[in-house]
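One file, data.txt, carrying compact mmCIF, C-alpha atoms:
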```txt
# COMPACT_ATOMS: atom_id res chain seq x y z
CA MET H 1 32.20 41.29 7.55
CA THR H 2 28.73 40.16 8.61
CA ARG H 3 27.26 43.26 7.02
CA ALA H 4 28.98 42.46 3.71
CA LEU H 5 27.62 38.91 3.93
CA GLY H 6 24.15 40.36 4.38
CA TRP H 7 24.49 42.46 1.26
CA VAL H 8 25.78 39.53 -0.75
CA ALA H 9 22.81 37.45 0.46
CA ALA H 10 20.39 40.26 -0.53
CA LEU H 11 22.01 40.43 -3.97
CA GLY H 12 21.77 36.67 -4.23
CA LEU H 13 18.06 36.73 -3.37
CA ALA H 14 17.47 39.44 -5.99
CA ALA H 15 19.33 37.31 -8.54
CA GLY H 16 17.30 34.29 -7.41
CA LEU H 17 14.02 36.14 -7.93
CA THR H 18 15.13 37.26 -11.39
CA ALA H 19 16.23 33.75 -12.27
CA GLY H 20 13.06 32.17 -10.90
CA PHE H 21 10.58 34.55 -12.48
CA GLY H 22 12.45 35.94 -15.49
CA TYR H 23 15.05 33.47 -16.71
CA ALA H 24 13.53 30.07 -15.97
CA PRO H 25 10.84 28.99 -18.44
CA ARG H 26 7.23 28.30 -17.48
CA GLU H 27 6.86 24.65 -16.54
CA ALA H 28 4.82 22.77 -19.17
CA VAL H 29 2.48 20.74 -16.97
CA GLN H 30 2.09 22.69 -13.72
CA GLY H 31 2.40 26.20 -15.13
CA ASN H 32 3.56 29.09 -12.98
CA VAL H 33 2.72 27.26 -9.73
CA GLN H 34 5.92 25.27 -10.18
CA ARG H 35 7.93 28.43 -9.47
CA ILE H 36 7.21 27.94 -5.77
CA MET H 37 9.89 25.27 -6.03
CA TYR H 38 12.54 28.01 -6.09
CA LEU H 39 11.53 28.79 -2.52
CA HIS H 40 10.50 25.31 -1.39
CA VAL H 41 13.60 23.30 -2.30
CA PRO H 42 16.24 25.84 -1.13
CA ALA H 43 14.30 26.22 2.13
CA VAL H 44 14.32 22.50 2.90
CA LEU H 45 17.99 22.12 1.96
CA THR H 46 18.82 25.04 4.27
CA ALA H 47 16.76 23.45 7.05
CA TYR H 48 18.74 20.21 6.72
CA LEU H 49 21.97 22.20 6.89
CA ALA H 50 20.67 23.92 10.03
CA PHE H 51 19.80 20.65 11.78
CA GLY H 52 23.20 19.28 10.85
CA LEU H 53 24.73 22.30 12.62
CA VAL H 54 22.53 21.70 15.68
CA LEU H 55 24.01 18.21 15.87
CA LEU H 56 27.54 19.51 15.33
CA GLY H 57 27.11 22.27 17.90
CA GLY H 58 25.72 19.79 20.44
CA ILE H 59 28.58 17.32 20.04
CA GLY H 60 31.05 20.19 20.05
CA TYR H 61 29.69 21.51 23.35
CA LEU H 62 29.63 18.15 25.10
CA ALA H 63 33.21 17.51 23.99
CA THR H 64 34.75 20.92 24.74
CA ARG H 65 32.27 22.75 27.05
CA ARG H 66 32.84 25.94 25.10
CA MET H 67 29.75 28.17 24.88
CA GLY H 68 30.51 29.03 21.26
CA TRP H 69 29.31 25.57 20.23
CA ASP H 70 26.06 26.06 22.11
CA ARG H 71 25.49 29.42 20.46
CA LEU H 72 25.97 27.74 17.08
CA ALA H 73 23.46 25.00 17.96
CA ALA H 74 20.92 27.49 19.35
CA ALA H 75 21.09 29.82 16.35
CA ALA H 76 20.95 26.93 13.90
CA GLY H 77 17.99 25.39 15.77
CA GLU H 78 15.91 28.56 15.47
CA LEU H 79 16.77 28.94 11.79
CA GLY H 80 16.07 25.27 11.12
CA VAL H 81 12.56 25.64 12.54
CA LEU H 82 12.07 28.83 10.49
CA PHE H 83 13.15 27.19 7.22
CA THR H 84 11.22 23.98 7.92
CA GLY H 85 8.15 26.16 8.51
CA LEU H 86 8.79 27.93 5.18
CA THR H 87 9.12 24.54 3.50
CA ILE H 88 5.81 23.30 4.91
CA VAL H 89 3.92 26.53 4.12
CA SER H 90 5.31 26.88 0.58
CA GLY H 91 4.66 23.20 -0.10
CA SER H 92 1.13 23.60 1.19
CA ILE H 93 0.47 26.57 -1.12
CA TRP H 94 1.86 24.53 -4.01
CA GLY H 95 -0.14 21.45 -3.04
CA LYS H 96 -3.54 23.17 -3.08
CA PRO H 97 -3.65 23.84 -6.86
CA THR H 98 -1.52 20.83 -7.81
CA TRP H 99 -2.85 18.00 -5.61
CA GLY H 100 -6.11 19.76 -4.72
CA THR H 101 -5.40 19.75 -0.98
CA TRP H 102 -3.46 21.86 1.50
CA TRP H 103 -2.23 18.89 3.43
CA THR H 104 -2.04 15.14 3.05
CA TRP H 105 -0.43 12.49 5.24
CA ASP H 106 2.07 11.54 2.59
CA ALA H 107 5.44 10.19 3.68
CA ARG H 108 7.64 13.23 3.07
CA LEU H 109 5.09 15.72 4.37
CA THR H 110 4.68 13.69 7.52
CA SER H 111 8.39 13.30 8.15
CA THR H 112 8.93 17.05 7.60
CA ALA H 113 6.14 17.80 10.06
CA VAL H 114 7.72 15.42 12.59
CA LEU H 115 11.07 17.15 12.10
CA PHE H 116 9.38 20.51 12.73
CA CYS H 117 7.83 19.22 15.97
CA VAL H 118 11.12 17.74 17.23
CA TYR H 119 12.95 21.05 16.86
CA VAL H 120 10.09 23.18 18.21
CA GLY H 121 10.46 20.95 21.29
CA TYR H 122 14.19 21.67 21.21
CA LEU H 123 13.53 25.44 21.28
CA LEU H 124 10.94 25.03 24.06
CA LEU H 125 13.46 23.13 26.17
CA ARG H 126 16.01 25.90 25.73
CA ARG H 127 13.45 28.48 26.84
CA LEU H 128 12.66 26.67 30.09
CA ILE H 129 16.20 26.35 31.49
CA GLU H 130 18.01 29.34 32.95
CA ASP H 131 21.38 27.84 33.84
CA PRO H 132 23.52 28.24 30.67
CA ASP H 133 25.55 25.06 31.19
CA ALA H 134 22.52 22.85 31.92
CA ARG H 135 20.68 24.40 28.99
CA ALA H 136 23.56 23.73 26.64
CA ARG H 137 23.98 20.12 27.85
CA TYR H 138 20.28 19.19 27.68
CA ALA H 139 19.82 20.93 24.35
CA ALA H 140 22.84 19.06 23.00
CA VAL H 141 21.34 15.71 24.02
CA VAL H 142 17.98 16.54 22.42
CA GLY H 143 19.75 17.87 19.32
CA ILE H 144 21.72 14.65 18.99
CA VAL H 145 18.65 12.42 19.49
CA GLY H 146 16.68 14.57 17.01
CA ALA H 147 19.32 14.43 14.28
CA VAL H 148 20.07 10.73 14.62
CA ASN H 149 16.33 10.09 14.53
CA ILE H 150 15.90 11.78 11.11
CA PRO H 151 16.78 8.69 9.01
CA ILE H 152 14.68 6.44 11.28
CA VAL H 153 11.67 8.75 10.89
CA HIS H 154 12.35 8.88 7.16
CA PHE H 155 12.19 5.11 6.66
CA SER H 156 9.29 4.49 9.04
CA VAL H 157 7.13 7.12 7.38
CA LYS H 158 8.17 6.00 3.90
CA TRP H 159 7.02 2.45 4.54
CA TRP H 160 3.87 3.72 6.18
CA ARG H 161 2.67 5.91 3.27
CA ALA H 162 4.27 6.57 0.06
CA LEU H 163 2.11 11.07 -3.07
CA HIS H 164 5.17 13.29 -2.94
CA GLN H 165 7.33 13.01 -6.04
CA PRO H 166 10.77 11.52 -5.31
CA SER H 167 13.52 14.02 -4.67
CA THR H 168 15.05 15.30 -7.91
CA ILE H 169 18.23 16.59 -6.31
CA LEU H 170 19.04 14.23 -3.46
CA GLY H 171 17.62 11.00 -4.93
CA PRO H 172 19.86 8.10 -5.96
CA GLU H 173 18.93 8.49 -9.62
CA ARG H 174 18.81 12.04 -10.81
CA ALA H 175 15.55 12.82 -12.54
CA PRO H 176 15.68 14.88 -15.71
CA ILE H 177 15.60 18.61 -15.04
CA ASP H 178 15.62 21.43 -17.58
CA PRO H 179 19.04 23.17 -17.48
CA ALA H 180 17.45 26.65 -17.15
CA ILE H 181 15.24 25.50 -14.26
CA GLY H 182 18.24 23.76 -12.71
CA LEU H 183 20.30 26.94 -12.90
CA ALA H 184 17.52 29.08 -11.39
CA LEU H 185 17.22 26.54 -8.59
CA PHE H 186 20.95 26.59 -7.99
CA VAL H 187 21.03 30.41 -7.79
CA ASN H 188 18.19 30.38 -5.29
CA TRP H 189 19.82 27.64 -3.23
CA LEU H 190 23.05 29.65 -3.09
CA ALA H 191 21.13 32.79 -2.08
CA PHE H 192 19.33 30.89 0.70
CA THR H 193 22.56 29.43 1.99
CA LEU H 194 24.13 32.91 2.08
CA LEU H 195 21.05 34.28 3.83
CA PHE H 196 21.27 31.43 6.32
CA ALA H 197 24.93 32.16 6.99
CA TYR H 198 24.08 35.83 7.54
CA PHE H 199 21.20 35.08 9.94
CA LEU H 200 23.36 32.52 11.74
CA SER H 201 26.25 34.89 12.37
CA ARG H 202 23.89 37.69 13.49
CA ARG H 203 22.00 35.36 15.83
CA MET H 204 25.22 33.97 17.33
CA GLU H 205 26.47 37.50 17.89
CA ILE H 206 23.24 38.44 19.67
CA ALA H 207 23.52 35.29 21.83
CA ARG H 208 27.09 36.23 22.74
CA LEU H 209 26.02 39.74 23.76
CA GLU H 210 23.11 38.30 25.79
CA GLU H 211 25.54 36.14 27.74
CA GLN H 212 27.55 39.18 28.73
CA ILE H 213 24.62 40.97 30.31
CA MET X 1 32.33 -3.18 41.61
CA THR X 2 31.67 -4.22 38.06
CA TYR X 3 29.57 -2.29 35.56
CA ALA X 4 26.84 -4.94 35.50
CA ARG X 5 26.72 -5.02 39.30
CA ARG X 6 26.19 -1.25 39.48
CA ALA X 7 23.42 -1.36 36.88
CA TRP X 8 21.84 -4.25 38.79
CA ILE X 9 21.86 -2.32 42.07
CA VAL X 10 19.98 0.59 40.50
CA LEU X 11 17.50 -1.82 38.92
CA TRP X 12 17.04 -3.77 42.18
CA LYS X 13 16.50 -0.56 44.17
CA ASP X 14 13.82 0.66 41.73
CA LEU X 15 12.01 -2.67 41.62
CA LEU X 16 12.13 -2.97 45.42
CA ILE X 17 10.63 0.51 45.85
CA GLU X 18 7.97 -0.35 43.31
CA ARG X 19 7.16 -3.67 45.02
CA ARG X 20 6.85 -2.09 48.44
CA ALA X 21 5.15 1.19 47.59
CA LYS X 22 3.40 0.13 44.35
CA GLU X 23 2.75 3.78 43.75
CA HIS X 24 3.39 3.66 40.00
CA ALA X 25 2.03 0.26 39.06
CA ASN X 26 -1.35 0.58 40.79
CA ALA X 27 -2.11 4.05 39.45
CA LEU X 28 -0.93 3.11 35.96
CA LEU X 29 -3.10 0.01 35.83
CA PHE X 30 -6.16 1.97 36.89
CA PHE X 31 -5.27 4.64 34.33
CA CYS X 32 -5.24 1.92 31.64
CA VAL X 33 -8.69 0.71 32.65
CA LEU X 34 -9.95 4.29 32.37
CA LEU X 35 -8.38 4.54 28.92
CA LEU X 36 -10.39 1.49 27.85
CA PHE X 37 -13.55 3.30 28.96
CA LEU X 38 -12.57 6.46 27.10
CA PHE X 39 -11.79 4.66 23.86
CA GLN X 40 -15.14 2.89 24.10
CA PHE X 41 -16.96 6.22 24.63
CA ALA X 42 -15.05 7.88 21.78
CA LEU X 43 -15.69 5.14 19.24
CA GLY X 44 -19.18 3.97 20.21
CA PRO X 45 -20.49 0.43 20.53
CA ASP X 46 -19.76 -0.73 16.96
CA ARG X 47 -17.64 -3.87 17.51
CA ASP X 48 -16.12 -3.97 14.03
CA ARG X 49 -14.96 -0.39 14.28
CA LEU X 50 -13.47 -0.99 17.70
CA ALA X 51 -11.71 -4.13 16.54
CA ALA X 52 -10.29 -2.34 13.49
CA ALA X 53 -8.97 0.45 15.69
CA VAL X 54 -7.43 -1.89 18.27
CA PRO X 55 -3.77 -1.81 17.10
CA GLY X 56 -3.70 1.97 17.17
CA LEU X 57 -5.61 2.26 20.45
CA LEU X 58 -3.47 -0.40 22.10
CA TRP X 59 -0.25 1.46 21.32
CA LEU X 60 -1.82 4.82 22.14
CA GLY X 61 -2.64 3.32 25.53
CA PHE X 62 0.93 2.06 25.98
CA ILE X 63 2.36 5.44 25.02
CA LEU X 64 0.04 7.39 27.33
CA ALA X 65 0.82 5.03 30.20
CA GLY X 66 4.50 5.32 29.27
CA LEU X 67 4.38 9.11 29.36
CA LEU X 68 3.01 8.99 32.90
CA GLY X 69 5.19 6.16 34.17
CA LEU X 70 8.49 7.07 32.51
CA GLY X 71 8.09 10.75 33.28
CA ARG X 72 8.14 9.96 37.00
CA SER X 73 11.09 7.60 36.98
CA PHE X 74 13.58 10.17 38.31
CA LEU X 75 11.25 12.20 40.52
CA GLY X 76 12.04 10.04 43.55
CA GLU X 77 15.74 10.70 43.10
CA ARG X 78 15.14 14.42 43.01
CA ASP X 79 12.60 14.66 45.85
CA ASN X 80 14.66 12.50 48.20
CA ASP X 81 17.91 14.25 47.33
CA CYS X 82 19.35 11.08 45.85
CA TRP X 83 20.48 12.91 42.75
CA GLU X 84 23.77 13.88 44.42
CA GLY X 85 24.26 10.26 45.45
CA LEU X 86 23.82 9.09 41.87
CA ARG X 87 26.26 11.74 40.70
CA LEU X 88 28.84 10.66 43.25
CA THR X 89 28.65 7.03 42.16
CA PRO X 90 32.14 6.00 41.08
CA GLY X 91 32.75 4.72 37.59
CA ASP X 92 30.82 4.96 34.36
CA LYS X 93 27.48 6.76 34.89
CA SER X 94 25.86 4.92 31.99
CA ALA X 95 25.42 1.94 34.35
CA ILE X 96 22.79 4.01 36.18
CA TYR X 97 21.02 4.64 32.87
CA LEU X 98 21.07 0.94 32.07
CA GLY X 99 19.61 0.03 35.47
CA LYS X 100 16.88 2.66 35.17
CA LEU X 101 16.12 1.60 31.59
CA VAL X 102 15.69 -2.07 32.47
CA GLY X 103 13.55 -1.13 35.48
CA ASN X 104 11.33 1.05 33.29
CA CYS X 105 11.06 -1.72 30.69
CA VAL X 106 9.94 -4.20 33.36
CA LEU X 107 7.32 -1.79 34.71
CA MET X 108 6.09 -0.89 31.21
CA ALA X 109 5.95 -4.52 30.14
CA ALA X 110 3.84 -5.43 33.18
CA VAL X 111 1.38 -2.62 32.46
CA GLU X 112 1.31 -3.42 28.73
CA ILE X 113 0.61 -7.09 29.18
CA LEU X 114 -2.28 -6.32 31.50
CA LEU X 115 -3.64 -3.64 29.17
CA ALA X 116 -3.41 -6.06 26.24
CA VAL X 117 -5.34 -8.73 28.18
CA LEU X 118 -8.03 -6.16 29.08
CA PHE X 119 -8.24 -5.11 25.41
CA GLY X 120 -8.63 -8.73 24.38
CA VAL X 121 -11.44 -9.26 26.88
CA PHE X 122 -13.37 -6.01 26.50
CA TYR X 123 -13.01 -5.49 22.75
CA ASP X 124 -13.23 -9.18 21.84
CA VAL X 125 -9.96 -9.37 19.93
CA ASP X 126 -7.99 -12.58 19.68
CA LEU X 127 -4.55 -11.59 20.94
CA TRP X 128 -3.73 -15.14 21.99
CA THR X 129 -3.14 -16.81 18.60
CA PRO X 130 -0.41 -14.36 17.50
CA ALA X 131 0.81 -13.98 21.11
CA ALA X 132 4.46 -14.89 20.46
CA PRO X 133 5.10 -12.52 17.52
CA LEU X 134 3.05 -9.83 19.27
CA GLY X 135 5.27 -10.27 22.30
CA LEU X 136 8.31 -9.60 20.13
CA VAL X 137 6.76 -6.39 18.74
CA LEU X 138 5.83 -5.39 22.27
CA ALA X 139 9.34 -5.99 23.59
CA LEU X 140 11.04 -4.05 20.78
CA GLY X 141 8.52 -1.19 21.00
CA THR X 142 8.87 -0.97 24.77
CA ILE X 143 12.66 -0.74 24.57
CA GLY X 144 12.33 2.03 21.98
CA LEU X 145 9.87 3.96 24.10
CA ALA X 146 11.71 3.45 27.38
CA SER X 147 15.21 4.18 26.04
CA VAL X 148 14.47 7.74 24.90
CA GLY X 149 11.89 8.10 27.67
CA THR X 150 14.39 7.32 30.43
CA LEU X 151 16.94 9.75 29.00
CA PHE X 152 14.43 12.58 28.58
CA ALA X 153 12.83 11.87 31.97
CA ALA X 154 16.19 12.33 33.69
CA MET X 155 16.54 15.61 31.85
CA THR X 156 13.06 17.06 32.34
CA THR X 157 13.00 16.12 36.04
CA GLN X 158 15.28 19.10 36.63
CA VAL X 159 13.30 21.50 34.47
CA ARG X 160 10.25 23.54 35.35
CA ALA X 161 7.07 22.67 33.42
CA ARG X 162 8.37 19.09 33.55
CA GLU X 163 5.01 17.37 32.95
CA LEU X 164 4.48 19.51 29.85
CA LEU X 165 7.95 19.37 28.39
CA PHE X 166 8.42 15.60 28.72
CA PRO X 167 5.63 14.59 26.29
CA VAL X 168 6.41 17.52 23.97
CA LEU X 169 9.98 16.26 23.61
CA LEU X 170 9.27 12.53 23.62
CA LEU X 171 6.22 12.21 21.33
CA PRO X 172 7.72 13.49 18.05
CA VAL X 173 10.84 11.41 18.56
CA GLN X 174 8.68 8.32 19.10
CA VAL X 175 6.83 8.61 15.76
CA PRO X 176 8.89 5.83 14.12
CA VAL X 177 8.33 3.49 17.07
CA LEU X 178 4.59 4.17 17.00
CA LEU X 179 4.30 3.68 13.23
CA ALA X 180 6.33 0.48 13.27
CA THR X 181 4.57 -1.11 16.24
CA VAL X 182 1.05 -0.18 15.09
CA SER X 183 1.69 -1.40 11.53
CA ALA X 184 3.23 -4.65 12.76
CA THR X 185 0.46 -5.24 15.32
CA GLN X 186 -2.19 -4.61 12.66
CA ALA X 187 -0.63 -7.12 10.26
CA LEU X 188 -0.23 -9.76 13.00
CA LEU X 189 -3.83 -9.37 14.17
CA LEU X 190 -4.97 -9.90 10.57
CA GLY X 191 -3.22 -13.25 10.71
CA GLN X 192 -0.20 -12.41 8.59
CA PRO X 193 3.00 -14.35 9.36
CA LEU X 194 5.92 -12.76 11.18
CA ALA X 195 7.93 -12.67 7.94
CA ASP X 196 5.51 -10.07 6.51
CA VAL X 197 6.40 -7.60 9.22
CA ALA X 198 10.12 -8.38 9.26
CA HIS X 199 10.99 -4.94 7.84
CA TRP X 200 9.17 -3.24 10.74
CA LEU X 201 10.92 -5.45 13.28
CA LYS X 202 14.29 -4.64 11.72
CA LEU X 203 13.48 -0.94 11.85
CA LEU X 204 12.45 -1.25 15.50
CA ALA X 205 15.54 -3.22 16.40
CA GLY X 206 17.74 -0.69 14.61
CA ALA X 207 15.99 2.23 16.31
CA ASP X 208 16.33 0.54 19.72
CA LEU X 209 20.03 0.00 19.17
CA VAL X 210 20.55 3.65 18.17
CA TYR X 211 18.44 5.06 21.03
CA VAL X 212 20.06 2.89 23.72
CA THR X 213 23.54 3.73 22.41
CA ILE X 214 22.81 7.47 22.52
CA GLY X 215 21.34 7.07 26.01
CA LEU X 216 24.43 5.27 27.28
CA LEU X 217 26.76 7.83 25.71
CA THR X 218 24.97 11.00 26.80
CA PHE X 219 23.50 10.06 30.19
CA GLU X 220 26.47 11.32 32.18
CA PHE X 221 25.90 14.81 30.74
CA VAL X 222 22.27 14.69 31.82
CA LEU X 223 23.11 13.44 35.32
CA GLU X 224 25.22 16.50 36.05
CA GLY X 225 21.91 18.16 36.86
```
Starting from the file, lay out its structure as structure tokens.
Amino acid sequence: MTRALGWVAALGLAAGLTAGFGYAPREAVQGNVQRIMYLHVPAVLTAYLAFGLVLLGGIGYLATRRMGWDRLAAAAGELGVLFTGLTIVSGSIWGKPTWGTWWTWDARLTSTAVLFCVYVGYLLLRRLIEDPDARARYAAVVGIVGAVNIPIVHFSVKWWRALHQPSTILGPERAPIDPAIGLALFVNWLAFTLLFAYFLSRRMEIARLEEQI
Amino acid sequence: MTYARRAWIVLWKDLLIERRAKEHANALLFFCVLLLFLFQFALGPDRDRLAAAVPGLLWLGFILAGLLGLGRSFLGERDNDCWEGLRLTPGDKSAIYLGKLVGNCVLMAAVEILLAVLFGVFYDVDLWTPAAPLGLVLALGTIGLASVGTLFAAMTTQVRARELLFPVLLLPVQVPVLLATVSATQALLLGQPLADVAHWLKLLAGADLVYVTIGLLTFEFVLEG
């Protein structure tokens, strides 16, 4: 089952690459650099999904005390950090030719960096506790604080600094997007979500086996 | 025994220990004086530059003092084997959190007020004219810092590498509080009216409400040790 999911994700990624490089047209203003978006946007959407699952897993564990919830939160936490890292690195590579700088303390960059730091702390905490129940409880509390804090960080940083273009997909008013680019983005998003699901199930399985040792 | 009475007992116990032993307050105050020295050395003698940096430095000072002070707030319970006693307390455990939180706020506020006065004297900033609105920013910021700080301190007390993990967990979460308080303090020191920073105060109040609520709801899971 998991293996099949892995193959579907691999197929999806291949389709995403084809769509991003072959099907989607060259963007008029930015040129080929814009194609980084097919990695950048799916990565950040996947990261948000992951942090949502960390919250869900944490609440689930505190409510039921079943280790399955903690395995979900732990696996999602690691993947969330991975995909947030991908988001920051890909955005940085895009920013150098487009804005002329690798990094700037713009609102969205800053809040993404803060998010990254919160969940790296989450993983560090998990590493430092041996007792499985204490680890799961503490991690759940940090996961809940981290997730609830996301909107607060968002607004504070937004009012503090406002260079990143507004979100095309999640914004209140949808900005115009070329249908071919939109489709390529959708295919890549789907492929990333499948890949995430595959990684998640593998990681949870490994965590389950580790507990049995 | 009512909920408020149980919270009060925890608060009273902490304040009494602090009044008799003064182990936190004295060391924290001296630490703040040292911070003043360090900021002065880092920025040089230029008065204008120092004055411009004051809002940021002031809150950096509060946060550093908070990291030290809050991080120790449950050590006494652990070292003196009081943790079991707290766990065996009948009724809702969030009362203990509330008592600890208020105690930490009182301690932090005392240190912050003194640090602010020292800043005013040594860096020649007029903190007196906007004292009332600044006090409001200070109160809201302190609650934000102490609410998550108290929760995480209870947690990291039981973990090895406690003094490393506590700041690593607390600092990123406190970014909104730091941004809001520094921005509001800056505006107030420039003589802007309170209405101009209303959005920051609302954000702080909202964040405080959320943090304290989470603390009250999750503390019993942390107390299990």
Please measure the separation of CA of Gly66 in chain X and CA of Ala146 in chain X, giving the value in Å to one decimal. 7.7 Å
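Near Ile93 in chain H, within a cut-off of 12 Å and counting all atoms listed in the file, sit the residues Val33, Gln34, Arg35, Ile36, Met37, Leu39, His40, Leu86, Thr87, Ile88, Val89, Ser90, Gly91, Gly95, Lys96, Pro97, Thr98, Trp99, Gly100, Thr101, Trp102 and Trp103 of chain H, with same-chain residues fewer than 2 positions away left out.
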Neighbouring residues of Val54 in chain H were defined as those with any atom within 6 Å, considering all atoms listed in the file; residues of the same chain fewer than 6 positions away were excluded. Please report them as a VMD selection string. chain H and resid 73 76 to 77 143
Expected answer as a PyMOL selection string: chain H residues within 12 Å of chain X, all atoms listed in the file: chain H and resi 58-59+61-63+65+107+110-161
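Note that CA of Val81 in chain H and CA of Leu109 in chain H are 14.9 Å apart.
For the atom pair formed by CA of Ser201 in chain H and CA of Phe83 in chain H, the distance is 16.0 Å, given to one decimal.
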Polymer residues at most 12 Å from (31.7, 29.2, 21.6) by all atoms listed in the file, as a list in words: Gly57, Gly58, Gly60, Tyr61, Leu62, Thr64, Arg65, Arg66, Met67, Gly68, Trp69, Asp70, Arg71, Leu72, Ala73, Ala74, Ala75, Ala136, Met204, Glu205, Ala207, Arg208 and Glu211 of chain H
X:Leu58, X:Glu220, X:Leu190, X:Leu43 ranked by distance to Thr129 in chain X, top pick (using only C-alpha atoms): X:Leu190
12 Å contact set for Ile63 in chain X, only C-alpha atoms, chain neighbours under 4 positions out, as a PDB file with C-alpha atoms, in the coordinates of the input:
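Saved as selection.pdb:
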```pdb
ATOM      1  CA  LEU X  28      -0.930   3.110  35.960  1.00  0.00           C
ATOM      2  CA  CYS X  32      -5.240   1.920  31.640  1.00  0.00           C
ATOM      3  CA  LEU X  35      -8.380   4.540  28.920  1.00  0.00           C
ATOM      4  CA  GLY X  56      -3.700   1.970  17.170  1.00  0.00           C
ATOM      5  CA  LEU X  57      -5.610   2.260  20.450  1.00  0.00           C
ATOM      6  CA  LEU X  58      -3.470  -0.400  22.100  1.00  0.00           C
ATOM      7  CA  TRP X  59      -0.250   1.460  21.320  1.00  0.00           C
ATOM      8  CA  LEU X  67       4.380   9.110  29.360  1.00  0.00           C
ATOM      9  CA  LEU X  68       3.010   8.990  32.900  1.00  0.00           C
ATOM     10  CA  GLY X  69       5.190   6.160  34.170  1.00  0.00           C
ATOM     11  CA  LEU X  70       8.490   7.070  32.510  1.00  0.00           C
ATOM     12  CA  GLY X  71       8.090  10.750  33.280  1.00  0.00           C
ATOM     13  CA  MET X 108       6.090  -0.890  31.210  1.00  0.00           C
ATOM     14  CA  ALA X 109       5.950  -4.520  30.140  1.00  0.00           C
ATOM     15  CA  VAL X 111       1.380  -2.620  32.460  1.00  0.00           C
ATOM     16  CA  GLU X 112       1.310  -3.420  28.730  1.00  0.00           C
ATOM     17  CA  LEU X 115      -3.640  -3.640  29.170  1.00  0.00           C
ATOM     18  CA  LEU X 138       5.830  -5.390  22.270  1.00  0.00           C
ATOM     19  CA  GLY X 141       8.520  -1.190  21.000  1.00  0.00           C
ATOM     20  CA  THR X 142       8.870  -0.970  24.770  1.00  0.00           C
ATOM     21  CA  GLY X 144      12.330   2.030  21.980  1.00  0.00           C
ATOM     22  CA  LEU X 145       9.870   3.960  24.100  1.00  0.00           C
ATOM     23  CA  ALA X 146      11.710   3.450  27.380  1.00  0.00           C
ATOM     24  CA  GLY X 149      11.890   8.100  27.670  1.00  0.00           C
ATOM     25  CA  PRO X 167       5.630  14.590  26.290  1.00  0.00           C
ATOM     26  CA  LEU X 170       9.270  12.530  23.620  1.00  0.00           C
ATOM     27  CA  LEU X 171       6.220  12.210  21.330  1.00  0.00           C
ATOM     28  CA  PRO X 172       7.720  13.490  18.050  1.00  0.00           C
ATOM     29  CA  GLN X 174       8.680   8.320  19.100  1.00  0.00           C
ATOM     30  CA  VAL X 175       6.830   8.610  15.760  1.00  0.00           C
ATOM     31  CA  VAL X 177       8.330   3.490  17.070  1.00  0.00           C
ATOM     32  CA  LEU X 178       4.590   4.170  17.000  1.00  0.00           C
ATOM     33  CA  THR X 181       4.570  -1.110  16.240  1.00  0.00           C
ATOM     34  CA  VAL X 182       1.050  -0.180  15.090  1.00  0.00           C
TER      35      VAL X 182
END
```
Shell of 12 Å around Trp7 in chain H, all atoms listed in the file, local chain residues under 6 positions omitted, as a list in words: Met1, Leu13, Ala14, Ala191, Leu194, Leu195, Ala197, Tyr198 and Phe199 of chain H
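Of the listed residues (X:Arg20, X:Lys93, X:Lys100, X:Lys202), X:Lys202 comes nearest to Leu140 in chain X; the distances count all atoms listed in the file.
The environment of Ile181 in chain H within 9 Å, counting all atoms listed in the file and disregarding residues fewer than 2 places along the same chain, consists of H:Ala19, H:Gly20, H:Tyr23, H:Ala24, H:Pro25, H:Glu27, H:Tyr38, H:Ile177, H:Asp178, H:Pro179, H:Leu183, H:Ala184, H:Leu185, H:Phe186.
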Quick test: take range 128-135 of chain X, keep N, CA and C atoms, and write it as a PDB file, in the first residue's frame.
```pdb
ATOM      1  N   TRP X 128       9.446  59.195  31.536  1.00  0.00           N
ATOM      2  CA  TRP X 128       8.462  59.617  32.521  1.00  0.00           C
ATOM      3  C   TRP X 128       7.213  60.184  31.852  1.00  0.00           C
ATOM      4  N   THR X 129       7.392  61.001  30.805  1.00  0.00           N
ATOM      5  CA  THR X 129       6.239  61.631  30.145  1.00  0.00           C
ATOM      6  C   THR X 129       5.252  60.591  29.618  1.00  0.00           C
ATOM      7  N   PRO X 130       5.717  59.581  28.857  1.00  0.00           N
ATOM      8  CA  PRO X 130       4.751  58.568  28.405  1.00  0.00           C
ATOM      9  C   PRO X 130       4.650  57.392  29.383  1.00  0.00           C
ATOM     10  N   ALA X 131       4.833  57.644  30.682  1.00  0.00           N
ATOM     11  CA  ALA X 131       4.924  56.546  31.650  1.00  0.00           C
ATOM     12  C   ALA X 131       3.673  55.671  31.670  1.00  0.00           C
ATOM     13  N   ALA X 132       2.484  56.311  31.642  1.00  0.00           N
ATOM     14  CA  ALA X 132       1.250  55.520  31.753  1.00  0.00           C
ATOM     15  C   ALA X 132       1.049  54.588  30.552  1.00  0.00           C
ATOM     16  N   PRO X 133       1.098  55.106  29.304  1.00  0.00           N
ATOM     17  CA  PRO X 133       0.961  54.168  28.182  1.00  0.00           C
ATOM     18  C   PRO X 133       2.090  53.149  28.128  1.00  0.00           C
ATOM     19  N   LEU X 134       3.310  53.562  28.498  1.00  0.00           N
ATOM     20  CA  LEU X 134       4.420  52.600  28.521  1.00  0.00           C
ATOM     21  C   LEU X 134       4.144  51.477  29.517  1.00  0.00           C
ATOM     22  N   GLY X 135       3.544  51.869  30.648  1.00  0.00           N
ATOM     23  CA  GLY X 135       3.203  50.872  31.661  1.00  0.00           C
ATOM     24  C   GLY X 135       2.247  49.828  31.111  1.00  0.00           C
TER      25      GLY X 135
END
```
